[in-house]
Each structure stands twice: as C-alpha cells, then as structure tokens.
$ cat structure_27.cif   # mmCIF, C-alpha atoms
data_entry
#
loop_
_atom_site.label_atom_id
_atom_site.label_comp_id
_atom_site.auth_asym_id
_atom_site.auth_seq_id
_atom_site.Cartn_x
_atom_site.Cartn_y
_atom_site.Cartn_z
CA MET A 863 -114.57 10.63 -56.15
CA TRP A 864 -112.36 13.32 -54.81
CA ARG A 865 -113.58 16.84 -55.11
CA LEU A 866 -111.59 19.98 -54.70
CA LEU A 867 -112.62 22.33 -51.99
CA ASN A 868 -112.50 25.99 -52.71
CA LEU A 869 -111.72 27.52 -49.35
CA GLU A 870 -111.34 31.01 -50.78
CA GLU A 871 -108.69 31.85 -48.27
CA LYS A 872 -105.39 33.63 -48.64
CA PRO A 873 -102.21 31.56 -48.69
CA GLY A 874 -100.98 31.13 -45.11
CA ASP A 875 -104.45 31.50 -43.58
CA TYR A 876 -104.94 28.18 -41.83
CA HIS A 877 -108.02 28.73 -39.67
CA LEU A 878 -110.22 26.39 -41.78
CA VAL A 879 -107.64 23.78 -42.79
CA HIS A 880 -104.30 23.71 -41.04
CA PRO A 881 -101.59 21.63 -42.79
CA ASN A 882 -100.22 20.22 -39.53
CA ASN A 883 -103.30 19.93 -37.35
CA HIS A 884 -105.87 18.82 -39.94
CA VAL A 885 -103.95 17.28 -42.83
CA ASN A 886 -100.84 15.79 -41.28
CA MET A 887 -102.52 15.24 -37.91
CA ALA A 888 -99.28 16.18 -36.05
CA GLN A 889 -97.34 13.31 -37.59
CA SER A 890 -93.82 13.81 -38.84
CA SER A 891 -91.65 11.87 -41.25
CA ASN A 892 -89.14 11.76 -38.38
CA ASP A 893 -91.35 9.36 -36.43
CA VAL A 894 -93.56 7.83 -39.11
CA ILE A 895 -90.75 6.62 -41.39
CA PRO A 896 -88.66 4.93 -38.65
CA THR A 897 -91.84 3.29 -37.32
CA THR A 898 -92.74 2.05 -40.81
CA ILE A 899 -89.24 0.68 -41.30
CA ARG A 900 -89.46 -1.07 -37.92
CA LEU A 901 -92.73 -2.70 -38.98
CA ALA A 902 -91.20 -3.76 -42.31
CA CYS A 903 -88.15 -5.24 -40.51
CA PHE A 904 -90.27 -6.91 -37.86
CA SER A 905 -92.78 -8.62 -40.14
CA PRO A 906 -90.49 -11.26 -41.71
CA LEU A 907 -88.55 -12.07 -38.53
CA SER A 908 -91.15 -14.35 -36.87
CA PRO A 909 -91.59 -16.57 -39.96
CA LEU A 910 -87.79 -16.74 -40.34
CA ILE A 911 -87.37 -17.78 -36.71
CA GLU A 912 -90.05 -20.47 -37.16
CA GLU A 913 -88.18 -21.93 -40.15
CA LEU A 914 -84.88 -21.82 -38.27
CA GLU A 915 -86.48 -23.68 -35.37
CA LYS A 916 -87.44 -26.45 -37.82
CA LEU A 917 -83.85 -26.55 -39.10
CA LEU A 918 -82.59 -26.64 -35.50
CA LEU A 919 -84.90 -29.56 -34.71
CA SER A 920 -83.69 -31.39 -37.81
CA SER A 921 -80.07 -30.86 -36.80
CA MET A 922 -80.82 -32.16 -33.31
CA GLN A 923 -82.50 -35.25 -34.78
CA ASN A 924 -79.50 -35.82 -37.05
CA GLN A 925 -77.24 -35.42 -34.04
CA LYS A 926 -78.94 -38.39 -32.38
CA GLU A 927 -79.38 -40.45 -35.52
CA TYR A 928 -75.76 -40.20 -36.71
CA ASP A 929 -73.95 -40.06 -33.37
CA HIS A 930 -72.58 -43.57 -33.86
CA VAL A 931 -71.05 -42.80 -37.29
CA ILE A 932 -67.40 -41.74 -37.17
CA LYS A 933 -65.81 -39.70 -39.92
CA VAL A 934 -62.47 -38.12 -40.50
CA GLY A 935 -62.50 -34.58 -39.21
CA ARG A 936 -60.97 -31.99 -41.47
CA THR A 937 -59.25 -28.72 -40.87
CA HIS A 938 -58.31 -26.50 -43.81
CA LEU A 939 -59.58 -29.35 -46.04
CA GLU A 940 -56.90 -31.66 -44.69
CA ASP A 941 -57.53 -34.83 -42.72
CA ALA A 942 -57.35 -34.26 -38.98
CA VAL A 943 -58.75 -36.32 -36.11
CA PRO A 944 -61.87 -38.50 -35.98
CA ILE A 945 -65.22 -36.91 -35.14
CA ARG A 946 -68.72 -38.35 -34.91
CA TYR A 947 -71.35 -37.04 -37.30
CA GLY A 948 -73.54 -36.54 -34.25
CA GLN A 949 -70.98 -34.08 -32.91
CA VAL A 950 -70.96 -32.23 -36.23
CA PHE A 951 -74.75 -31.92 -36.27
CA GLY A 952 -74.64 -30.92 -32.60
CA GLY A 953 -72.36 -28.05 -33.60
CA TYR A 954 -74.79 -27.02 -36.30
CA ALA A 955 -77.66 -27.14 -33.79
CA ALA A 956 -75.70 -24.99 -31.31
CA SER A 957 -74.96 -22.45 -34.02
CA LEU A 958 -78.59 -22.30 -35.16
CA GLY A 959 -79.77 -21.96 -31.58
CA LYS A 960 -77.55 -18.92 -31.06
CA CYS A 961 -78.80 -17.41 -34.33
CA ILE A 962 -82.40 -17.83 -33.18
CA VAL A 963 -81.61 -16.09 -29.89
CA ARG A 964 -79.97 -13.18 -31.76
CA LEU A 965 -82.90 -12.83 -34.15
CA ALA A 966 -85.43 -12.93 -31.32
CA ALA A 967 -83.53 -10.19 -29.49
CA SER A 968 -83.39 -8.06 -32.63
CA GLU A 969 -87.09 -8.73 -33.19
CA ASN A 970 -87.76 -7.34 -29.71
CA SER A 971 -85.90 -4.14 -30.59
CA MET A 972 -88.30 -3.65 -33.51
CA LEU A 973 -91.28 -3.74 -31.12
CA GLU A 974 -90.16 -0.47 -29.53
CA LEU A 975 -91.86 2.38 -31.37
CA GLY A 976 -91.25 6.13 -31.32
CA ILE A 977 -94.38 7.05 -33.26
CA GLY A 978 -96.04 10.16 -31.89
CA GLY A 979 -92.75 11.85 -31.14
CA THR A 980 -93.32 14.19 -34.10
CA ALA A 981 -90.41 16.21 -35.50
CA VAL A 982 -87.83 15.94 -32.71
CA GLY A 983 -89.30 13.23 -30.50
CA THR A 984 -91.00 15.41 -27.88
CA GLY A 985 -94.54 14.85 -29.15
CA ILE A 986 -95.16 18.57 -29.32
CA ASN A 987 -98.54 19.54 -30.85
CA THR A 988 -100.06 16.10 -30.23
CA HIS A 989 -102.76 14.95 -27.88
CA PRO A 990 -101.25 13.58 -24.62
CA ASP A 991 -102.62 10.10 -25.39
CA PHE A 992 -101.63 10.09 -29.07
CA LYS A 993 -98.52 7.89 -28.62
CA LYS A 994 -100.30 5.30 -26.49
CA THR A 995 -103.33 5.25 -28.79
CA ILE A 996 -101.42 4.78 -32.03
CA ILE A 997 -99.08 2.16 -30.54
CA PHE A 998 -102.06 0.24 -29.16
CA GLY A 999 -103.83 0.46 -32.54
CA THR A 1000 -100.71 -0.71 -34.38
CA GLY A 1001 -100.46 -3.65 -32.01
CA GLN A 1002 -104.11 -4.52 -32.61
CA THR A 1003 -103.60 -4.34 -36.37
CA TYR A 1004 -100.47 -6.50 -36.44
CA GLY A 1005 -101.24 -8.73 -33.47
CA PHE A 1006 -98.03 -7.95 -31.58
CA GLN A 1007 -97.21 -6.24 -28.31
CA PHE A 1008 -95.57 -3.02 -29.49
CA TYR A 1009 -94.49 -0.63 -26.79
CA GLN A 1010 -93.61 3.02 -26.46
CA GLY A 1011 -89.91 3.70 -26.38
CA ASN A 1012 -88.03 6.90 -25.80
CA SER A 1013 -89.25 8.90 -28.81
CA ILE A 1014 -86.31 11.27 -28.74
CA MET A 1015 -83.78 8.42 -28.93
CA LEU A 1016 -85.83 6.43 -31.45
CA HIS A 1017 -86.08 9.53 -33.62
CA TRP A 1018 -82.35 9.27 -34.46
CA SER A 1019 -81.02 5.93 -33.20
CA MET A 1020 -80.21 3.20 -35.68
CA ALA A 1021 -79.28 0.67 -32.96
CA GLY A 1022 -82.38 -1.51 -33.44
CA PHE A 1023 -81.82 -1.71 -37.19
CA VAL A 1024 -78.17 -2.59 -36.63
CA ASP A 1025 -79.30 -5.36 -34.25
CA VAL A 1026 -81.45 -6.86 -37.03
CA SER A 1027 -78.73 -6.40 -39.64
CA ASN A 1028 -76.09 -8.04 -37.44
CA ALA A 1029 -78.34 -10.97 -36.54
CA LEU A 1030 -79.11 -11.58 -40.24
CA ARG A 1031 -75.47 -11.24 -41.25
CA ILE A 1032 -74.32 -13.73 -38.61
CA LEU A 1033 -77.10 -16.11 -39.66
CA ALA A 1034 -75.98 -15.87 -43.29
CA ILE A 1035 -72.37 -16.60 -42.34
CA GLU A 1036 -73.37 -19.60 -40.21
CA LEU A 1037 -75.70 -21.01 -42.88
CA ASN A 1038 -72.99 -20.57 -45.49
CA LYS A 1039 -70.55 -22.55 -43.32
CA ILE A 1040 -73.07 -25.34 -42.73
CA SER A 1041 -73.97 -25.46 -46.44
CA ASN A 1042 -70.32 -25.63 -47.47
CA ASP A 1043 -69.68 -28.44 -44.97
CA LEU A 1044 -72.58 -30.43 -46.36
CA ARG A 1045 -71.48 -29.73 -49.92
CA LEU A 1046 -67.97 -30.97 -49.13
CA LEU A 1047 -69.41 -33.97 -47.32
CA LYS A 1048 -71.08 -35.04 -50.53
CA PHE A 1049 -67.84 -34.43 -52.44
CA TRP A 1050 -65.70 -36.47 -50.03
CA THR A 1051 -68.07 -39.45 -49.79
#

$ encode --input "structure_27.cif" --output "structure tokens"
Amino acid sequence: MWRLLNLEEKPGDYHLVHPNNHVNMAQSSNDVIPTTIRLACFSPLSPLIEELEKLLLSSMQNQKEYDHVIKVGRTHLEDAVPIRYGQVFGGYAASLGKCIVRLAASENSMLELGIGGTAVGTGINTHPDFKKTIIFGTGQTYGFQFYQGNSIMLHWSMAGFVDVSNALRILAIELNKISNDLRLLKFWT
C-alpha cells in the first residue's frame, strides 16, 4: 500500500524530493504526450496493412480469374465502352497497392520519436543518454525500430500525424469507391 511520507520540509524546499528531478524524472508533457500519441497511431497500422495486403492479393487473383469476362463499362452510371472484369479488379489492386505504400510511409513517420526533448525539445536537465535509452527501451517493449528524431521539431510538428490522417482518409475514399462499384455490380446483374 501507498504510505505518505512526512518530509517535514517547507514548501519550495526540494533538496530531499525535487518535483522535476525525482518525481517527473525530467519528462515533460511536451515530449511524452506526442510520443504516446505516436505509439497509439503506430500500433494499429501494421495489422491494417496486413489486411490490406490480403485484399490486394484477392483483387489480383480476381484480376486473373475474371480477365476473360467482358462487361459494359459505365461512366456516371450510364453505359459506356466495354471493359474486362480483370481490368476492373486490376484497377482495384493498383489503388490498394498505392494505399499500402502511403500507410507504410506514414507508419515510418510514427517511428520517429522526440521523447527526452523535455519542455522545448532541447533535452535540458536530462542525462546525455536519456533519449537513446528510452527510445531503445520503447523499441524493445513494442518490438519495433524506433529512432530519435529532431526533438525540437517533433515537439511541435504535426506532420507525421497528418501523414497518417491523409493515408487513412485516402484509403477510406478508395475503399468507398470499390464498395460502391461492387454494390452497383450486384444491382446491375
């Protein structure tokens, strides 16, 4: 159980227990919170990419299987020119492949950590090896190759998060298009 310590010291006297050096251990919300958000963003990306790779493989298999079947192509829901189903599934595969590349790139941006930069990114009041040690330990815990980025930039930059957001948004748009095509395919046949 927790027990309260009576230090019998005056407020502001930090020689026994210093709030930054002993309690907070030189960490700052300015580096801890962005690092935590990066870990939270990073964690679901690998499983998502794995599932998309399965969908890509399925589209590539459908491309081969249905390449001999010709259908009426449509534009703005109106009949247009003939197209092979294999070509349609090839288009889906190309789209999914690009989405996977975007997600993998955004995943890489989440591997760059600014932890140890403390309040403004300089790492003031920390041990010289603090950044390397905590990034190595985080990598050991999660099983990924995190690396030290520019802590000053990572302290304020939202670019990595925008990369993830954009990759997910584009994926959602592409999956919506593919889903609507397949829904209409069922309607028209």

$ resolve_selection --input "structure_27.cif" --expression "the PyMOL selection byres ((chain A and resi 1024) around 12)" --output "short mmCIF file (atom, residue, chain, number, x, y, z; two decimals) with C-alpha atoms, keeping the file's coordinate frame"
data_model
loop_
_atom_site.label_atom_id
_atom_site.label_comp_id
_atom_site.auth_asym_id
_atom_site.auth_seq_id
_atom_site.Cartn_x
_atom_site.Cartn_y
_atom_site.Cartn_z
CA ARG A 900 -89.46 -1.07 -37.92
CA CYS A 903 -88.15 -5.24 -40.51
CA ARG A 964 -79.97 -13.18 -31.76
CA LEU A 965 -82.90 -12.83 -34.15
CA ALA A 967 -83.53 -10.19 -29.49
CA SER A 968 -83.39 -8.06 -32.63
CA GLU A 969 -87.09 -8.73 -33.19
CA SER A 971 -85.90 -4.14 -30.59
CA MET A 972 -88.30 -3.65 -33.51
CA SER A 1019 -81.02 5.93 -33.20
CA MET A 1020 -80.21 3.20 -35.68
CA ALA A 1021 -79.28 0.67 -32.96
CA GLY A 1022 -82.38 -1.51 -33.44
CA PHE A 1023 -81.82 -1.71 -37.19
CA ASP A 1025 -79.30 -5.36 -34.25
CA VAL A 1026 -81.45 -6.86 -37.03
CA SER A 1027 -78.73 -6.40 -39.64
CA ASN A 1028 -76.09 -8.04 -37.44
CA ALA A 1029 -78.34 -10.97 -36.54
CA LEU A 1030 -79.11 -11.58 -40.24
CA ARG A 1031 -75.47 -11.24 -41.25
CA ILE A 1032 -74.32 -13.73 -38.61
#

$ axis_aligned_box --input "structure_27.cif" --around "segment 1001-1007 of chain A" --padding-each-side "3 Å" --output "AutoDock Vina command-line options"
--center_x -100.7 --center_y -6.2 --center_z -32.4 --size_x 12.9 --size_y 11.1 --size_z 14.1

$ residues_around --input "structure_27.cif" --residues "segment 977-986 of chain A" --least-positions-apart "3" --cutoff "9 Å" --atoms "all atoms listed in the file" --output "ChimeraX atom specification"
/A:888-897,989-990,992-994,996-997,1010-1018

$ resolve_selection --input "structure_27.cif" --expression "the PyMOL selection byres ((chain A and resi 924) around 12)" --output "list of chain:residue names"
A:Leu917, A:Leu918, A:Leu919, A:Ser920, A:Ser921, A:Met922, A:Gln923, A:Gln925, A:Lys926, A:Glu927, A:Tyr928, A:Asp929, A:His930, A:Val931, A:Arg946, A:Tyr947, A:Gly948, A:Gln949, A:Val950, A:Phe951, A:Gly952, A:Gly953, A:Tyr954, A:Ala955

$ atom_distance --input "structure_27.cif" --atom1 "atom CA of Leu1046 of chain A" --atom2 "atom CA of Leu939 of chain A"
9.1 Å

$ residues_near_point --input "structure_27.cif" --point "(-80.6, -18.8, -36.1)" --cutoff "10 Å" --atoms "only C-alpha atoms" --output "PDB file with C-alpha atoms, keeping the file's coordinate frame"
ATOM      1  CA  LEU A 910     -87.790 -16.740 -40.340  1.00  0.00           C
ATOM      2  CA  ILE A 911     -87.370 -17.780 -36.710  1.00  0.00           C
ATOM      3  CA  GLU A 912     -90.050 -20.470 -37.160  1.00  0.00           C
ATOM      4  CA  GLU A 913     -88.180 -21.930 -40.150  1.00  0.00           C
ATOM      5  CA  LEU A 914     -84.880 -21.820 -38.270  1.00  0.00           C
ATOM      6  CA  GLU A 915     -86.480 -23.680 -35.370  1.00  0.00           C
ATOM      7  CA  LEU A 917     -83.850 -26.550 -39.100  1.00  0.00           C
ATOM      8  CA  LEU A 918     -82.590 -26.640 -35.500  1.00  0.00           C
ATOM      9  CA  ALA A 955     -77.660 -27.140 -33.790  1.00  0.00           C
ATOM     10  CA  ALA A 956     -75.700 -24.990 -31.310  1.00  0.00           C
ATOM     11  CA  SER A 957     -74.960 -22.450 -34.020  1.00  0.00           C
ATOM     12  CA  LEU A 958     -78.590 -22.300 -35.160  1.00  0.00           C
ATOM     13  CA  GLY A 959     -79.770 -21.960 -31.580  1.00  0.00           C
ATOM     14  CA  LYS A 960     -77.550 -18.920 -31.060  1.00  0.00           C
ATOM     15  CA  CYS A 961     -78.800 -17.410 -34.330  1.00  0.00           C
ATOM     16  CA  ILE A 962     -82.400 -17.830 -33.180  1.00  0.00           C
ATOM     17  CA  VAL A 963     -81.610 -16.090 -29.890  1.00  0.00           C
ATOM     18  CA  ARG A 964     -79.970 -13.180 -31.760  1.00  0.00           C
ATOM     19  CA  LEU A 965     -82.900 -12.830 -34.150  1.00  0.00           C
ATOM     20  CA  ALA A 966     -85.430 -12.930 -31.320  1.00  0.00           C
ATOM     21  CA  ALA A1029     -78.340 -10.970 -36.540  1.00  0.00           C
ATOM     22  CA  LEU A1030     -79.110 -11.580 -40.240  1.00  0.00           C
ATOM     23  CA  ILE A1032     -74.320 -13.730 -38.610  1.00  0.00           C
ATOM     24  CA  LEU A1033     -77.100 -16.110 -39.660  1.00  0.00           C
ATOM     25  CA  ALA A1034     -75.980 -15.870 -43.290  1.00  0.00           C
ATOM     26  CA  GLU A1036     -73.370 -19.600 -40.210  1.00  0.00           C
ATOM     27  CA  LEU A1037     -75.700 -21.010 -42.880  1.00  0.00           C
TER      28      LEU A1037
END

$ resolve_selection --input "structure_27.cif" --expression "the PyMOL selection byres ((chain A and resi 1006) around 12)" --output "count of residues only"
21

$ atom_distance --input "structure_27.cif" --atom1 "atom CA of Gly976 of chain A" --atom2 "atom CA of Pro909 of chain A"
24.3 Å

$ atom_distance --input "structure_27.cif" --atom1 "atom CA of Asp941 of chain A" --atom2 "atom CA of Ile1040 of chain A"
18.2 Å
